[in-house]
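For reference, target.pdb (PDB, C-alpha atoms and all ligand atoms):
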ATOM      1  CA  MET Z   1    -136.561 101.882  57.053  1.00  0.00           C
ATOM      2  CA  GLY Z   2    -136.416 103.295  60.574  1.00  0.00           C
ATOM      3  CA  THR Z   3    -136.728 106.920  59.564  1.00  0.00           C
ATOM      4  CA  LYS Z   4    -139.844 106.535  57.441  1.00  0.00           C
ATOM      5  CA  GLY Z   5    -141.693 104.357  59.920  1.00  0.00           C
ATOM      6  CA  THR Z   6    -140.864 106.674  62.771  1.00  0.00           C
ATOM      7  CA  SER Z   7    -142.081 109.839  61.099  1.00  0.00           C
ATOM      8  CA  GLY Z   8    -145.340 108.189  60.067  1.00  0.00           C
ATOM      9  CA  ALA Z   9    -145.986 107.017  63.605  1.00  0.00           C
ATOM     10  CA  LYS Z  10    -145.231 110.472  64.929  1.00  0.00           C
ATOM     11  CA  SER Z  11    -147.689 112.146  62.574  1.00  0.00           C
ATOM     12  CA  SER Z  12    -150.559 109.947  63.683  1.00  0.00           C
ATOM     13  CA  ALA Z  13    -149.580 110.323  67.336  1.00  0.00           C
ATOM     14  CA  GLY Z  14    -149.611 114.096  66.854  1.00  0.00           C
ATOM     15  CA  ALA Z  15    -153.074 113.951  65.293  1.00  0.00           C
ATOM     16  CA  LYS Z  16    -154.466 111.803  68.092  1.00  0.00           C
ATOM     17  CA  SER Z  17    -153.126 114.048  70.812  1.00  0.00           C
ATOM     18  CA  GLY Z  18    -154.988 116.999  69.280  1.00  0.00           C
ATOM     19  CA  ARG Z  19    -151.944 118.829  67.988  1.00  0.00           C
ATOM     20  CA  GLY Z  20    -153.303 118.592  64.473  1.00  0.00           C
ATOM     21  CA  ILE Z  21    -152.251 116.635  61.440  1.00  0.00           C
ATOM     22  CA  SER Z  22    -148.820 117.537  60.121  1.00  0.00           C
ATOM     23  CA  ARG Z  23    -148.212 118.418  56.496  1.00  0.00           C
ATOM     24  CA  ARG Z  24    -146.252 115.230  56.161  1.00  0.00           C
ATOM     25  CA  GLY Z  25    -149.203 113.272  57.509  1.00  0.00           C
ATOM     26  CA  LEU Z  26    -151.447 114.774  54.862  1.00  0.00           C
ATOM     27  CA  LEU Z  27    -148.953 114.014  52.131  1.00  0.00           C
ATOM     28  CA  ILE Z  28    -148.674 110.409  53.225  1.00  0.00           C
ATOM     29  CA  GLY Z  29    -152.447 110.180  53.067  1.00  0.00           C
ATOM     30  CA  ALA Z  30    -152.495 111.602  49.539  1.00  0.00           C
ATOM     31  CA  ALA Z  31    -149.812 109.217  48.324  1.00  0.00           C
ATOM     32  CA  VAL Z  32    -151.601 106.227  49.743  1.00  0.00           C
ATOM     33  CA  THR Z  33    -154.868 107.179  48.063  1.00  0.00           C
ATOM     34  CA  ALA Z  34    -153.199 107.755  44.704  1.00  0.00           C
ATOM     35  CA  VAL Z  35    -151.384 104.438  44.586  1.00  0.00           C
ATOM     36  CA  GLY Z  36    -154.132 102.319  46.119  1.00  0.00           C
ATOM     37  CA  THR Z  37    -153.844 101.094  49.672  1.00  0.00           C
ATOM     38  CA  ALA Z  38    -154.574  97.449  48.906  1.00  0.00           C
ATOM     39  CA  ALA Z  39    -151.737  97.151  46.446  1.00  0.00           C
ATOM     40  CA  LEU Z  40    -149.147  98.437  48.875  1.00  0.00           C
ATOM     41  CA  ALA Z  41    -147.270  96.140  51.173  1.00  0.00           C
ATOM     42  CA  ARG Z  42    -146.553  97.641  54.567  1.00  0.00           C
ATOM     43  CA  GLU Z  43    -142.907  98.136  53.688  1.00  0.00           C
ATOM     44  CA  GLN Z  44    -143.752 100.100  50.524  1.00  0.00           C
ATOM     45  CA  LEU Z  45    -146.241 102.175  52.446  1.00  0.00           C
ATOM     46  CA  GLU Z  46    -143.536 103.266  54.831  1.00  0.00           C
ATOM     47  CA  HIS Z  47    -141.435 104.384  51.886  1.00  0.00           C
ATOM     48  CA  ALA Z  48    -144.120 106.101  49.823  1.00  0.00           C
ATOM     49  CA  TRP Z  49    -143.504 109.611  51.174  1.00  0.00           C
ATOM     50  CA  TRP Z  50    -139.768 109.225  50.562  1.00  0.00           C
ATOM     51  CA  ARG Z  51    -140.373 109.576  46.837  1.00  0.00           C
ATOM     52  CA  LEU Z  52    -142.525 112.696  47.097  1.00  0.00           C
ATOM     53  CA  PRO Z  53    -140.774 115.844  45.880  1.00  0.00           C
ATOM     54  CA  GLY Z  54    -140.572 118.814  48.199  1.00  0.00           C
ATOM     55  CA  VAL Z  55    -140.888 116.899  51.438  1.00  0.00           C
ATOM     56  CA  GLU Z  56    -138.009 117.690  53.711  1.00  0.00           C
ATOM     57  CA  LYS Z  57    -136.323 114.495  54.829  1.00  0.00           C
ATOM     58  CA  PRO Z  58    -135.730 114.129  58.536  1.00  0.00           C
ATOM     59  CA  ARG Z  59    -132.156 114.547  59.738  1.00  0.00           C
ATOM     60  CA  LYS Z  60    -131.805 113.574  63.318  1.00  0.00           C
ATOM     61  CA  PRO Z  61    -128.387 112.962  64.836  1.00  0.00           C
ATOM     62  CA  GLY Z  62    -127.603 109.269  64.920  1.00  0.00           C
ATOM     63  CA  GLU Z  63    -130.434 108.275  62.618  1.00  0.00           C
ATOM     64  CA  VAL Z  64    -129.785 105.503  60.079  1.00  0.00           C
ATOM     65  CA  ASP Z  65    -131.442 104.566  56.787  1.00  0.00           C
ATOM     66  CA  TYR Z  66    -131.026 100.864  57.476  1.00  0.00           C
ATOM     67  CA  ALA Z  67    -132.494  99.637  60.745  1.00  0.00           C
ATOM     68  CA  ARG Z  68    -129.746  97.062  61.408  1.00  0.00           C
ATOM     69  CA  ALA Z  69    -126.939  99.615  61.048  1.00  0.00           C
ATOM     70  CA  GLN Z  70    -124.989 101.356  63.778  1.00  0.00           C
ATOM     71  CA  TRP Z  71    -124.363 105.051  63.171  1.00  0.00           C
ATOM     72  CA  ILE Z  72    -120.840 106.505  63.250  1.00  0.00           C
ATOM     73  CA  SER Z  73    -120.606 109.787  61.342  1.00  0.00           C
ATOM     74  CA  ALA Z  74    -117.974 110.317  58.677  1.00  0.00           C
ATOM     75  CA  SER Z  75    -116.169 113.651  58.484  1.00  0.00           C
ATOM     76  CA  SER Z  76    -118.322 116.155  56.588  1.00  0.00           C
ATOM     77  CA  ALA Z  77    -115.323 116.777  54.324  1.00  0.00           C
ATOM     78  CA  ASN Z  78    -115.847 113.326  52.807  1.00  0.00           C
ATOM     79  CA  TRP Z  79    -119.393 113.816  51.516  1.00  0.00           C
ATOM     80  CA  ARG Z  80    -121.704 116.491  50.141  1.00  0.00           C
ATOM     81  CA  ARG Z  81    -125.138 117.390  51.434  1.00  0.00           C
ATOM     82  CA  ALA Z  82    -127.928 116.518  49.005  1.00  0.00           C
ATOM     83  CA  ASP Z  83    -131.590 115.570  48.980  1.00  0.00           C
ATOM     84  CA  ARG Z  84    -131.572 112.253  47.175  1.00  0.00           C
ATOM     85  CA  PRO Z  85    -133.508 110.710  45.572  1.00  0.00           C
ATOM     86  CA  ASP Z  86    -135.238 114.028  44.687  1.00  0.00           C
ATOM     87  CA  ASP Z  87    -132.203 115.874  43.350  1.00  0.00           C
ATOM     88  CA  TYR Z  88    -130.333 112.794  42.087  1.00  0.00           C
ATOM     89  CA  THR Z  89    -131.880 109.472  41.130  1.00  0.00           C
ATOM     90  CA  ILE Z  90    -130.312 106.590  43.020  1.00  0.00           C
ATOM     91  CA  ASP Z  91    -129.845 103.668  40.629  1.00  0.00           C
ATOM     92  CA  ARG Z  92    -126.530 102.075  41.576  1.00  0.00           C
ATOM     93  CA  VAL Z  93    -124.996 100.251  44.519  1.00  0.00           C
ATOM     94  CA  VAL Z  94    -121.189 100.284  44.391  1.00  0.00           C
ATOM     95  CA  ILE Z  95    -119.376  97.409  46.110  1.00  0.00           C
ATOM     96  CA  HIS Z  96    -115.954  98.124  47.636  1.00  0.00           C
ATOM     97  CA  VAL Z  97    -113.339  96.238  49.599  1.00  0.00           C
ATOM     98  CA  THR Z  98    -111.435  98.350  52.119  1.00  0.00           C
ATOM     99  CA  GLN Z  99    -107.906  96.913  51.724  1.00  0.00           C
ATOM    100  CA  GLY Z 100    -107.680  97.033  55.503  1.00  0.00           C
ATOM    101  CA  SER Z 101    -109.579  96.380  58.700  1.00  0.00           C
ATOM    102  CA  TYR Z 102    -113.037  97.625  59.620  1.00  0.00           C
ATOM    103  CA  GLN Z 103    -111.434  99.893  62.232  1.00  0.00           C
ATOM    104  CA  SER Z 104    -109.046 101.447  59.738  1.00  0.00           C
ATOM    105  CA  ALA Z 105    -111.915 102.158  57.321  1.00  0.00           C
ATOM    106  CA  VAL Z 106    -113.999 103.847  60.017  1.00  0.00           C
ATOM    107  CA  LYS Z 107    -110.971 105.864  61.088  1.00  0.00           C
ATOM    108  CA  VAL Z 108    -110.075 107.190  57.636  1.00  0.00           C
ATOM    109  CA  PHE Z 109    -113.730 108.024  56.879  1.00  0.00           C
ATOM    110  CA  GLN Z 110    -113.727 110.166  60.018  1.00  0.00           C
ATOM    111  CA  ASP Z 111    -110.563 111.918  58.839  1.00  0.00           C
ATOM    112  CA  PRO Z 112    -111.331 115.201  56.999  1.00  0.00           C
ATOM    113  CA  GLY Z 113    -108.034 114.877  55.135  1.00  0.00           C
ATOM    114  CA  HIS Z 114    -108.969 111.549  53.565  1.00  0.00           C
ATOM    115  CA  GLY Z 115    -111.302 113.052  50.958  1.00  0.00           C
ATOM    116  CA  ALA Z 116    -113.348 109.865  50.588  1.00  0.00           C
ATOM    117  CA  ALA Z 117    -115.876 107.766  52.458  1.00  0.00           C
ATOM    118  CA  ALA Z 118    -118.684 105.328  51.738  1.00  0.00           C
ATOM    119  CA  HIS Z 119    -122.225 105.271  53.121  1.00  0.00           C
ATOM    120  CA  TYR Z 120    -121.767 101.878  54.778  1.00  0.00           C
ATOM    121  CA  VAL Z 121    -119.006  99.636  56.115  1.00  0.00           C
ATOM    122  CA  VAL Z 122    -119.709  95.919  56.560  1.00  0.00           C
ATOM    123  CA  ARG Z 123    -117.503  94.009  58.992  1.00  0.00           C
ATOM    124  CA  LYS Z 124    -116.369  90.362  58.610  1.00  0.00           C
ATOM    125  CA  ASP Z 125    -118.753  89.314  61.391  1.00  0.00           C
ATOM    126  CA  GLY Z 126    -121.688  90.907  59.548  1.00  0.00           C
ATOM    127  CA  HIS Z 127    -121.915  94.090  61.611  1.00  0.00           C
ATOM    128  CA  VAL Z 128    -123.131  97.037  59.493  1.00  0.00           C
ATOM    129  CA  THR Z 129    -122.073 100.626  60.185  1.00  0.00           C
ATOM    130  CA  GLN Z 130    -123.625 103.601  58.421  1.00  0.00           C
ATOM    131  CA  MET Z 131    -121.411 106.698  58.214  1.00  0.00           C
ATOM    132  CA  ILE Z 132    -123.211 108.910  55.657  1.00  0.00           C
ATOM    133  CA  ARG Z 133    -126.955 109.284  55.043  1.00  0.00           C
ATOM    134  CA  GLU Z 134    -128.300 107.935  51.755  1.00  0.00           C
ATOM    135  CA  LEU Z 135    -129.746 111.437  51.188  1.00  0.00           C
ATOM    136  CA  ASP Z 136    -126.212 112.687  50.784  1.00  0.00           C
ATOM    137  CA  VAL Z 137    -123.519 112.181  48.157  1.00  0.00           C
ATOM    138  CA  ALA Z 138    -120.598 110.178  49.515  1.00  0.00           C
ATOM    139  CA  PHE Z 139    -117.186 110.490  47.855  1.00  0.00           C
ATOM    140  CA  HIS Z 140    -116.500 106.813  47.264  1.00  0.00           C
ATOM    141  CA  ALA Z 141    -116.546 106.032  43.552  1.00  0.00           C
ATOM    142  CA  GLY Z 142    -113.949 108.496  42.241  1.00  0.00           C
ATOM    143  CA  ASN Z 143    -116.490 109.665  39.651  1.00  0.00           C
ATOM    144  CA  ARG Z 144    -118.831 112.564  40.304  1.00  0.00           C
ATOM    145  CA  SER Z 145    -121.924 111.244  38.536  1.00  0.00           C
ATOM    146  CA  TYR Z 146    -121.478 107.774  40.057  1.00  0.00           C
ATOM    147  CA  ASN Z 147    -121.149 109.323  43.501  1.00  0.00           C
ATOM    148  CA  GLU Z 148    -124.370 111.247  42.877  1.00  0.00           C
ATOM    149  CA  ARG Z 149    -126.347 108.208  41.676  1.00  0.00           C
ATOM    150  CA  SER Z 150    -125.077 105.514  44.016  1.00  0.00           C
ATOM    151  CA  VAL Z 151    -124.920 104.135  47.523  1.00  0.00           C
ATOM    152  CA  GLY Z 152    -121.429 102.903  48.440  1.00  0.00           C
ATOM    153  CA  ILE Z 153    -120.796  99.837  50.585  1.00  0.00           C
ATOM    154  CA  GLU Z 154    -117.318  99.031  51.898  1.00  0.00           C
ATOM    155  CA  HIS Z 155    -116.373  95.521  53.011  1.00  0.00           C
ATOM    156  CA  GLU Z 156    -113.627  94.788  55.506  1.00  0.00           C
ATOM    157  CA  GLY Z 157    -110.730  92.833  54.041  1.00  0.00           C
ATOM    158  CA  PHE Z 158    -108.291  92.564  51.171  1.00  0.00           C
ATOM    159  CA  VAL Z 159    -109.064  91.809  47.515  1.00  0.00           C
ATOM    160  CA  ASP Z 160    -106.396  89.075  47.351  1.00  0.00           C
ATOM    161  CA  ARG Z 161    -107.648  87.250  50.467  1.00  0.00           C
ATOM    162  CA  PRO Z 162    -110.866  85.390  49.591  1.00  0.00           C
ATOM    163  CA  GLN Z 163    -111.056  84.101  53.169  1.00  0.00           C
ATOM    164  CA  ASP Z 164    -111.844  87.681  54.219  1.00  0.00           C
ATOM    165  CA  PHE Z 165    -115.204  87.488  52.444  1.00  0.00           C
ATOM    166  CA  THR Z 166    -117.059  85.550  55.110  1.00  0.00           C
ATOM    167  CA  ALA Z 167    -120.560  84.102  54.886  1.00  0.00           C
ATOM    168  CA  ALA Z 168    -121.616  86.549  57.614  1.00  0.00           C
ATOM    169  CA  MET Z 169    -120.310  89.454  55.549  1.00  0.00           C
ATOM    170  CA  TYR Z 170    -121.958  88.317  52.315  1.00  0.00           C
ATOM    171  CA  GLY Z 171    -125.260  87.760  54.112  1.00  0.00           C
ATOM    172  CA  ALA Z 172    -125.285  91.079  55.952  1.00  0.00           C
ATOM    173  CA  SER Z 173    -124.214  93.036  52.881  1.00  0.00           C
ATOM    174  CA  ALA Z 174    -126.826  91.292  50.722  1.00  0.00           C
ATOM    175  CA  ARG Z 175    -129.604  92.206  53.186  1.00  0.00           C
ATOM    176  CA  LEU Z 176    -128.414  95.814  53.125  1.00  0.00           C
ATOM    177  CA  THR Z 177    -128.274  95.932  49.313  1.00  0.00           C
ATOM    178  CA  ALA Z 178    -131.718  94.312  49.081  1.00  0.00           C
ATOM    179  CA  ALA Z 179    -133.094  97.040  51.342  1.00  0.00           C
ATOM    180  CA  ILE Z 180    -131.467  99.771  49.216  1.00  0.00           C
ATOM    181  CA  CYS Z 181    -132.800  98.247  45.974  1.00  0.00           C
ATOM    182  CA  GLY Z 182    -136.268  98.012  47.519  1.00  0.00           C
ATOM    183  CA  ARG Z 183    -136.146 101.589  48.765  1.00  0.00           C
ATOM    184  CA  TYR Z 184    -135.338 103.112  45.367  1.00  0.00           C
ATOM    185  CA  GLY Z 185    -137.020 100.584  43.072  1.00  0.00           C
ATOM    186  CA  MET Z 186    -133.674  99.367  41.740  1.00  0.00           C
ATOM    187  CA  PRO Z 187    -133.506  96.028  39.875  1.00  0.00           C
ATOM    188  CA  VAL Z 188    -131.258  93.393  41.452  1.00  0.00           C
ATOM    189  CA  ASP Z 189    -128.779  92.755  38.645  1.00  0.00           C
ATOM    190  CA  ARG Z 190    -125.190  93.405  37.629  1.00  0.00           C
ATOM    191  CA  GLU Z 191    -126.122  96.553  35.761  1.00  0.00           C
ATOM    192  CA  HIS Z 192    -127.302  98.215  38.966  1.00  0.00           C
ATOM    193  CA  ILE Z 193    -125.072  96.497  41.532  1.00  0.00           C
ATOM    194  CA  VAL Z 194    -121.505  97.134  40.412  1.00  0.00           C
ATOM    195  CA  GLY Z 195    -117.965  96.865  41.688  1.00  0.00           C
ATOM    196  CA  HIS Z 196    -115.791  99.919  42.176  1.00  0.00           C
ATOM    197  CA  VAL Z 197    -113.627  98.507  39.372  1.00  0.00           C
ATOM    198  CA  GLU Z 198    -116.541  98.976  36.952  1.00  0.00           C
ATOM    199  CA  VAL Z 199    -116.980 102.685  37.645  1.00  0.00           C
ATOM    200  CA  PRO Z 200    -115.881 104.637  34.548  1.00  0.00           C
ATOM    201  CA  GLY Z 201    -112.464 106.223  34.933  1.00  0.00           C
ATOM    202  CA  THR Z 202    -111.499 104.479  38.159  1.00  0.00           C
ATOM    203  CA  ASP Z 203    -108.045 103.064  38.824  1.00  0.00           C
ATOM    204  CA  HIS Z 204    -109.375 100.907  41.682  1.00  0.00           C
ATOM    205  CA  THR Z 205    -109.666  97.139  41.330  1.00  0.00           C
ATOM    206  CA  ASP Z 206    -111.993  96.341  44.232  1.00  0.00           C
ATOM    207  CA  PRO Z 207    -113.852  94.179  45.045  1.00  0.00           C
ATOM    208  CA  GLY Z 208    -111.487  91.999  42.967  1.00  0.00           C
ATOM    209  CA  GLU Z 209    -111.668  88.580  41.360  1.00  0.00           C
ATOM    210  CA  HIS Z 210    -112.473  86.720  44.593  1.00  0.00           C
ATOM    211  CA  TRP Z 211    -115.715  88.564  45.217  1.00  0.00           C
ATOM    212  CA  ASP Z 212    -118.384  85.994  44.305  1.00  0.00           C
ATOM    213  CA  TRP Z 213    -120.962  87.970  42.316  1.00  0.00           C
ATOM    214  CA  ASP Z 214    -123.243  84.991  41.587  1.00  0.00           C
ATOM    215  CA  ARG Z 215    -123.407  84.109  45.261  1.00  0.00           C
ATOM    216  CA  TYR Z 216    -123.929  87.734  46.227  1.00  0.00           C
ATOM    217  CA  LEU Z 217    -126.771  88.419  43.773  1.00  0.00           C
ATOM    218  CA  LYS Z 218    -128.530  85.213  44.820  1.00  0.00           C
ATOM    219  CA  LEU Z 219    -128.349  86.367  48.438  1.00  0.00           C
ATOM    220  CA  VAL Z 220    -129.627  89.843  47.534  1.00  0.00           C
ATOM    221  CA  ARG Z 221    -132.580  88.358  45.630  1.00  0.00           C
ATOM    222  CA  ALA Z 222    -133.400  85.981  48.486  1.00  0.00           C
ATOM    223  CA  ALA Z 223    -133.213  88.812  51.025  1.00  0.00           C
ATOM    224  CA  GLY Z 224    -135.482  90.963  48.860  1.00  0.00           C
ATOM    225  CA  LYS Z 225    -138.226  88.328  48.923  1.00  0.00           C
ATOM    226  CA  LYS Z 226    -138.457  88.219  52.707  1.00  0.00           C
TER
HETATM  227 ZN    ZN Z 301    -113.409 101.045  46.278  1.00  0.00          ZN
END
Final structure tokens representation of the file:
Amino acid sequence: MGTKGTSGAKSSAGAKSGRGISRRGLLIGAAVTAVGTAALAREQLEHAWWRLPGVEKPRKPGEVDYARAQWISASSANWRRADRPDDYTIDRVVIHVTQGSYQSAVKVFQDPGHGAAAHYVVRKDGHVTQMIRELDVAFHAGNRSYNERSVGIEHEGFVDRPQDFTAAMYGASARLTAAICGRYGMPVDREHIVGHVEVPGTDHTDPGEHWDWDRYLKLVRAAGKK
């Protein structure tokens, strides 16, 4: 959300200060006209240009796709540069459990030898850290096409310890998933929001039997309505 809003504001500021209207500004204008301004909520308006092909997405150090997230970059060995959703359609969120602490997850995702990392890590207290841009393909699902089509969210804790899945964690993760679904027009259901265990070919079992899918989807739907 932050990136789109920021670039839009910058374009209009540039126009006002006499430096001319940027190409991106013109494209935003075209998209708005085509879809119909009245029908667009402010949030959708901010995201309209995101879906336009050929527009270079901004990549500023430290920038996040989710405004509530803190940025800590993963090692570039654990993801692949892409230009999603233009080159790959994003239509899945993959839910993981770290089998360890938040700190250990952040540490291994920063390790080039680990070979895997997710876009986001959600802590037990509800803190959200983004480590890979949604533009890029994170190596988290153990399946190339699922990596290319999904956003991966790790949750601090262990699959056999239901007490690790706190209300704060469920709530924060649900708000994040709602934002991702909204951004890419993804339905909130169990076809599109899946566990790592459901990824074809995986030998992983997370998020495990204690992850409360009914509770989680209810929270995602509620967060999406706000
Ligand atoms: Zn996993």
- Task: I would like the residues chosen by the PyMOL selection byres (((not hetatm)) within 10 of (chain Z and resi 301)) on the shown file; could you give them as number ranges by chain?
- Result: Z: 94-99, 116-118, 140-142, 152-155, 195-197, 199, 202-208
- Message: Considering all atoms listed in the file, can you say which of Z:Phe158, Z:Trp79, Z:Phe109, Z:Tyr216 comes closest to Thr129 of chain Z?
- Response: Z:Phe109
- Note on the structure: With distances taken over all atoms listed in the file, the candidate from Z:Ile193, Z:Ala138, Z:Met131, Z:Ala105 nearest Gln70 of chain Z is Z:Met131
- Which residue gives the smallest distance to Glu63 of chain Z among Z:Val93, Z:Ile132, Z:Val121, Z:Val151, with only C-alpha atoms counted?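 Nearest to Glu63 of chain Z: Z:Ile132.
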- From the set Z:Leu217, Z:Ala167, Z:Ala82, Z:Ala223, which residue has the shortest atom-to-atom contact distance to Gly126 of chain Z, counting all atoms listed in the file?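 Counting all atoms listed in the file, the residue closest to Gly126 of chain Z is Z:Ala167.
Rounded to one decimal, atom CA of Gly157 of chain Z and atom CA of Leu176 of chain Z lie 18.0 Å from each other.
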- How would you write as an MDAnalysis selection string the residues that get within 7 Å of (-128.7, 110.5, 50.6) in the file's frame, counting only C-alpha atoms? chainID Z and resid 82:85 133:137
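Each of Z:Val128, Z:Gly62, Z:Lys107, Z:Pro200 was compared to Arg144 of chain Z using all atoms listed in the file, and Z:Pro200 turns out to be the nearest.
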- Query: For Lys124 of chain Z, which of Z:Gly100, Z:Gly201, Z:Pro61, Z:Pro187 is the closest residue, counting all atoms listed in the file?
  - Reply: Z:Gly100
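Of note, atom CA of Arg175 of chain Z and atom CA of Arg221 of chain Z are spaced 9.0 Å apart.
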- Message: One decimal, in Å: what's the spacing between atom CA of Glu148 of chain Z and atom CA of Tyr88 of chain Z?
- Response: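 Calculated distance between atom CA of Glu148 of chain Z and atom CA of Tyr88 of chain Z is 6.2 Å.
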- Message: Please list as a list in words every residue within 9 Å of His127 of chain Z, counting all atoms listed in the file and excluding residues in the same chain fewer than 5 positions away.
- Response: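 Returned residues: Arg68, Ala69, Gln70, Val121, Val122, Ala168, Met169 and Ala172 of chain Z.
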Applying 6 Å and all atoms listed in the file, which residues near Ser101 of chain Z remain after dropping the ones on its own chain fewer than 2 positions away? List them as a short mmCIF file (atom, residue, chain, number, x, y, z; two decimals) with C-alpha atoms, keeping the file's coordinate frame.
data_model
loop_
_atom_site.label_atom_id
_atom_site.label_comp_id
_atom_site.auth_asym_id
_atom_site.auth_seq_id
_atom_site.Cartn_x
_atom_site.Cartn_y
_atom_site.Cartn_z
CA GLN Z 103 -111.43 99.89 62.23
CA SER Z 104 -109.05 101.45 59.74
CA GLU Z 156 -113.63 94.79 55.51
CA GLY Z 157 -110.73 92.83 54.04
#
- Translate the PyMOL selection byres (((chain Z and resi 91) around 7) and not hetatm), as applied to the file shown, into an explicit residue set as JSON, numbers by chain. {"Z": [89, 90, 92, 149, 150, 186, 192]}
